[in-house]
Amino acid sequence: MSPRRSYDQHCSTARALDAVGDRWTLLIVRELLAGPRRYTDLHADLPGVSTDVLASRLKDMERDGIATRRRLPPPAAASVYELTPRGRDLLPVLQALGGWGAAVPAERSPTDAVRAHWLALPLLRLIEGNAGRGQQGLVEVRLDEGVFHLWVGAGEGAAYGDGAAPREPDLRLDLDMDTCARLGGGDLTLDQAVLDGMVVMAGEGALADALRGRPLPAAPTSAS
């Protein structure tokens, strides 16, 4: 294992960048926020990273307490990487970076890779902000490019997942990639997108009602 590089500065920002400032590290965190992933899955969803660099970054993340590796029991018999609680604490960092990056106008290049679930974290931030504090639920998002799901208000575990929701979701959103990117970047509000027919929202329950702006029912009072 190569020696850890450091800025050698007594500064919390510098110390954070010592751990996650190398190229690809935060994108690996983005992928692991979906839950445990095999090395081959990480490599497939990080187009452009070499196998040597990916292996090196994962070792560094294990050393720094950001990720851990474990062996799945039979019949899977495969090793997976997953975030530690400290690693999962990087969720708001990734969301803030995504919001900051979305403010910089950029046309999609013909050579740009794309995965539907790369839009999960900015959309999760938007939904949690619109739904209000304390709301929880499972949201399935359907784009032409693919499907992913979001765990709104999840205190621990996966923040999102690739593919269809593992159970009946509390809310479904149907939209296109451009609308999803504009929502995540703050260029479009969810209310306006629904009103203009750019987003089709389906679902019942507290989370769906909160996003539609309906008042939540009052808590029952005990008889006097």
# chains A, B, ... in the order shown; residues from 1 in each chain; ligands from 1
call {"tool": "residues_around", "arguments": {"residues": "region 181-194 of chain A", "least_positions_apart": "5", "cutoff": "6 Å", "atoms": "only C-alpha atoms", "output": "VMD selection string"}}
result
chain A and resid 99 102 122 to 123 199
call {"tool": "select_by_dssp", "arguments": {"residues": "region 2-196 of chain A", "states": "helix (DSSP H, G or I)", "output": "ChimeraX atom specification"}}
result
/A:12-20,25-32,39-44,51-63,85-88,91-102,116-131,177-184,190-195
call {"tool": "closest_residue", "arguments": {"among": "A:Arg23, A:Lys59, A:Arg172, A:His43", "to": "Val141 (chain A)", "atoms": "only C-alpha atoms"}}
result
A:Arg172
call {"tool": "closest_atom_pairs", "arguments": {"of": "region 10-54 of chain A", "to": "region 156-165 of chain A", "cutoff": "6 Å", "atoms": "only C-alpha atoms", "output": "tab-separated table"}}
result
residue	atom	partner	partner_atom	distance
A:Leu33	CA	A:Ala158	CA	5.5
A:Ala34	CA	A:Gly161	CA	4.8
A:Gly35	CA	A:Ala158	CA	4.7
call {"tool": "atom_distance", "arguments": {"atom1": "CA of Val139 (chain A)", "atom2": "CA of Arg125 (chain A)"}}
result
12.5 Å
